[in-house]
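Q: The structure follows.
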Amino acid sequence: MSIFISSTSLSLSPTKPPPISAVKASFPIMGFPPTTHLLAGALSLGLVLSPPCISLESSAMSSPAAQLVESSAEACGDKESVKRDVVNAPELVSNDDVVEQAWEIVNESFLDPSGNRWSPRSWLQKKEDLAGTSIKTGTKAHDIIRRMLASLGDPYTRFLPPPDFSKMARYDMTGIGINLREVPDDNGGVKLKVLGLILDGPAHNAGVQQGDELLSVNGVDVRGKSAFEASSLIQGPSETVVNIMVKHGNCGPVKSLEVERQLVARTPVFYRLEQVEGAATSVGYVRLKEFNALARKDIVTAIQRLQDMGASYLILDLRDNRGGLVQAGIEIAKLFMNQGETVIYTAGRETQYQNNIIADSEPLFTSPVIVLVNKNTASASEIVASALHDNCRAVLVGEKTFGKGLIQSVFELQDGSGVVVTIGKYITPNHLDINGNGIEPDFKKFPGWNEVAQRLTQCQKLQGG
């Protein structure tokens with residue numbers, strides 16, 4: 001297959017990835033010239049830190065906002081309670097309590113990736129061994145927790161001292177300096193709480209507090225929505241303003257705040273249009289470097305622009321993409337899948353971690369796709385690759401993937417430290433356990449598009465029975 005590149009150009013990324021043929025891999029990509037003119041687009045560039053924002057508390061609320069305030073007050077049983085701050089006296093935490101809390105988290109949630117090292121009885125024995133032991137310092141408590149977790153034999157289950165937990169809690173995918181967590185409410189649904197808050201960040205300067213409940217974004221009620229959905233609503237261009245409504249504490253005041261976005265994340269997406277020589281076929285090439293807060297939005301833009309430019313096929317390059325935000329990977333996989341198709345299965349000890357995640361809308365791109373993978377394609381990248389492959393939407397080209405398919409959750413301990421615990425694993429739509437196994441490619445060398453079409457047609461026939 002011989003390909004030449006259109007010489008028409010858009011704005012170029014300041015750090016272009018090498019042409020496909022120049023990227024290190026154990027297989028050749030035939031027909032890609034080493035030097036080319038690229039028809040390319042770089043997304044979400046020029047993101048800079050804006051000056052500290054000034055909070056602008058709204059003096060008047062729209063009808064939906066007023067309804068949110070009223071319903072929030074009714075949930076507390078007292079409409080006047082929205083005007084009062086709730087102040088709780090700090091509780092004294094013993095070192096023994098912190099160790100026991102870490103033990104309980106593992107006891108209730110841990111999934112042994114190997115399936116043969118952990119047992120409830122052996123874990124209970126560790127608790128009994130500590131009975132009667134005096135833990136006099138926080139340092140000793142943390143050392144005990146580290147040893148307990150190390151005995152599990154899972155490198156991903158680990159202890160986080162307070163400074164490290166604080167950094168993780170402040171991880172920002174909203175652009176305003178908050179990290180949201182889904183918390184069960186009294187009605188069996190979920191509400192969104194501010195888990196992490198960047199000191200002197202946009203939200204903090206506007207008046208958001210740790211533990212606040214997020215009620216709405218630009219007038220859209222987010223109660224019952226996922227943290228990813230709410231974060232997507234908050235995201236926007238740097239130095240633009242988003243309105244959020246938050247409630248302080250369980251029954252504290254409800255406030256409408258104007259917050260200036262200060263996105264510092266860089267686009268992980270690079271794309272270009274390639275023309276197949278001697279044919280009327282155009283191919284869109286999209287490289288995705290990581291799954292960050294901008295990944296889904298920018299890849300949608302890239303695909304739409306490539307389709308407008310006439311792309312009939314798509315190459316999605318996930319080589320050396322080690323993952324990132326798993327939910328971003330799931331949402332990107334859905335862009336290629338038919339409504340009702342399985343993206344991934346999750347399996348865990350608890351029923352809340354056992355789930356069949358399906359596509360909930362029609363696909364953005366329906367033509368054949370090649371996904372480039374290698375030994376460093378891991379985690380969220382493997383979710384995307386397996387979802388597209390197992391649903392006959394793409395063929396995989398390159399090397400066997402890394403094989404990282406575990407789900408970790410971060411738990412805060414009472415003294416401000418934390419533990420990261422493996423609570424589940426991902427199973428592909430074809431019921432392959434990704435972890436430790438990886439995903440085999442369909443082709444080692446770059447195939448012709450006729451071979452791609454034949455393989456996908458064969459796959460669809462086999463699935464159709």
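Every chain in the structure tokens has a letter given in the order shown (A, B, ...), and although residue numbers restart at 1 in each chain, ligands are simply numbered from 1 in the order shown.
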Which polymer residues have any atom within 12 Å of an atom of stretch 126-128 of chain A, counting only C-alpha atoms, with same-chain residues fewer than 4 positions away left out, as a list in words?
A: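 Selected residues are Asp96, Val99, Glu100, Gln101, Ala102, Trp103, Glu104, Val106, Asn107, Trp118, Ser119, Pro120, Arg121, Ser122, Gly132, Thr133, Ile144, Ile145, Arg147, Met148, Leu149, Ser151 and Leu152 of chain A.
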Q: So that I can see what lies close to A:Lys404, please list as a VMD selection string the residues with an atom at most 7 Å from it, counting only C-alpha atoms and leaving out residues fewer than 3 positions away in the same chain.
A: chain A and resid 378 to 379 434 to 436
Q: Please save N, CA, C and O atoms of the selected residues as a PDB file, in the first residue's frame.
A:
```
ATOM      1  N   ALA A 378      -1.503  -0.018  27.530  1.00  0.00           N
ATOM      2  CA  ALA A 378      -1.938  -0.575  28.817  1.00  0.00           C
ATOM      3  C   ALA A 378      -3.201   0.099  29.347  1.00  0.00           C
ATOM      4  O   ALA A 378      -3.565   1.199  28.933  1.00  0.00           O
ATOM      5  N   SER A 379      -3.854  -0.613  30.248  1.00  0.00           N
ATOM      6  CA  SER A 379      -4.947  -0.079  31.067  1.00  0.00           C
ATOM      7  C   SER A 379      -6.096   0.462  30.204  1.00  0.00           C
ATOM      8  O   SER A 379      -6.723  -0.287  29.477  1.00  0.00           O
ATOM      9  N   ILE A 434      -7.901  -9.320  31.047  1.00  0.00           N
ATOM     10  CA  ILE A 434      -6.786  -8.540  30.498  1.00  0.00           C
ATOM     11  C   ILE A 434      -5.547  -8.651  31.370  1.00  0.00           C
ATOM     12  O   ILE A 434      -4.420  -8.773  30.872  1.00  0.00           O
ATOM     13  N   ASN A 435      -5.719  -8.645  32.688  1.00  0.00           N
ATOM     14  CA  ASN A 435      -4.576  -8.502  33.581  1.00  0.00           C
ATOM     15  C   ASN A 435      -3.621  -9.698  33.503  1.00  0.00           C
ATOM     16  O   ASN A 435      -4.015 -10.848  33.661  1.00  0.00           O
ATOM     17  N   GLY A 436      -2.361  -9.385  33.229  1.00  0.00           N
ATOM     18  CA  GLY A 436      -1.339 -10.406  33.133  1.00  0.00           C
ATOM     19  C   GLY A 436      -1.335 -11.162  31.823  1.00  0.00           C
ATOM     20  O   GLY A 436      -0.429 -11.973  31.570  1.00  0.00           O
TER      21      GLY A 436
END
```
Q: In Å, with one decimal, what is the gap from atom CA of A:Arg266 to atom CA of A:Gly284?
A: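 Taking atom CA of A:Arg266 and atom CA of A:Gly284, their separation equals 21.4 Å.
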Q: Find the spatial neighbours of stretch 306-319 of chain A, counting only C-alpha atoms, within a cut-off of 8 Å - ignore same-chain residues fewer than 6 positions away - and output them as a PyMOL selection string.
A: chain A and resi 272-273+281-289+367-377+381
Q: My list of candidates is A:Arg296, A:Lys193, A:His204, A:Arg305. Which is closest to A:Glu260 when distances are computed with only C-alpha atoms?
A: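 Checking each of A:Arg296, A:Lys193, A:His204, A:Arg305 against A:Glu260, counting only C-alpha atoms, the winner is A:His204.
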Q: Of the residues A:Glu182, A:Asp200, A:Glu362, A:Asp442, which is the one nearest to A:Ser231, using only C-alpha atoms?
A: A:Glu182
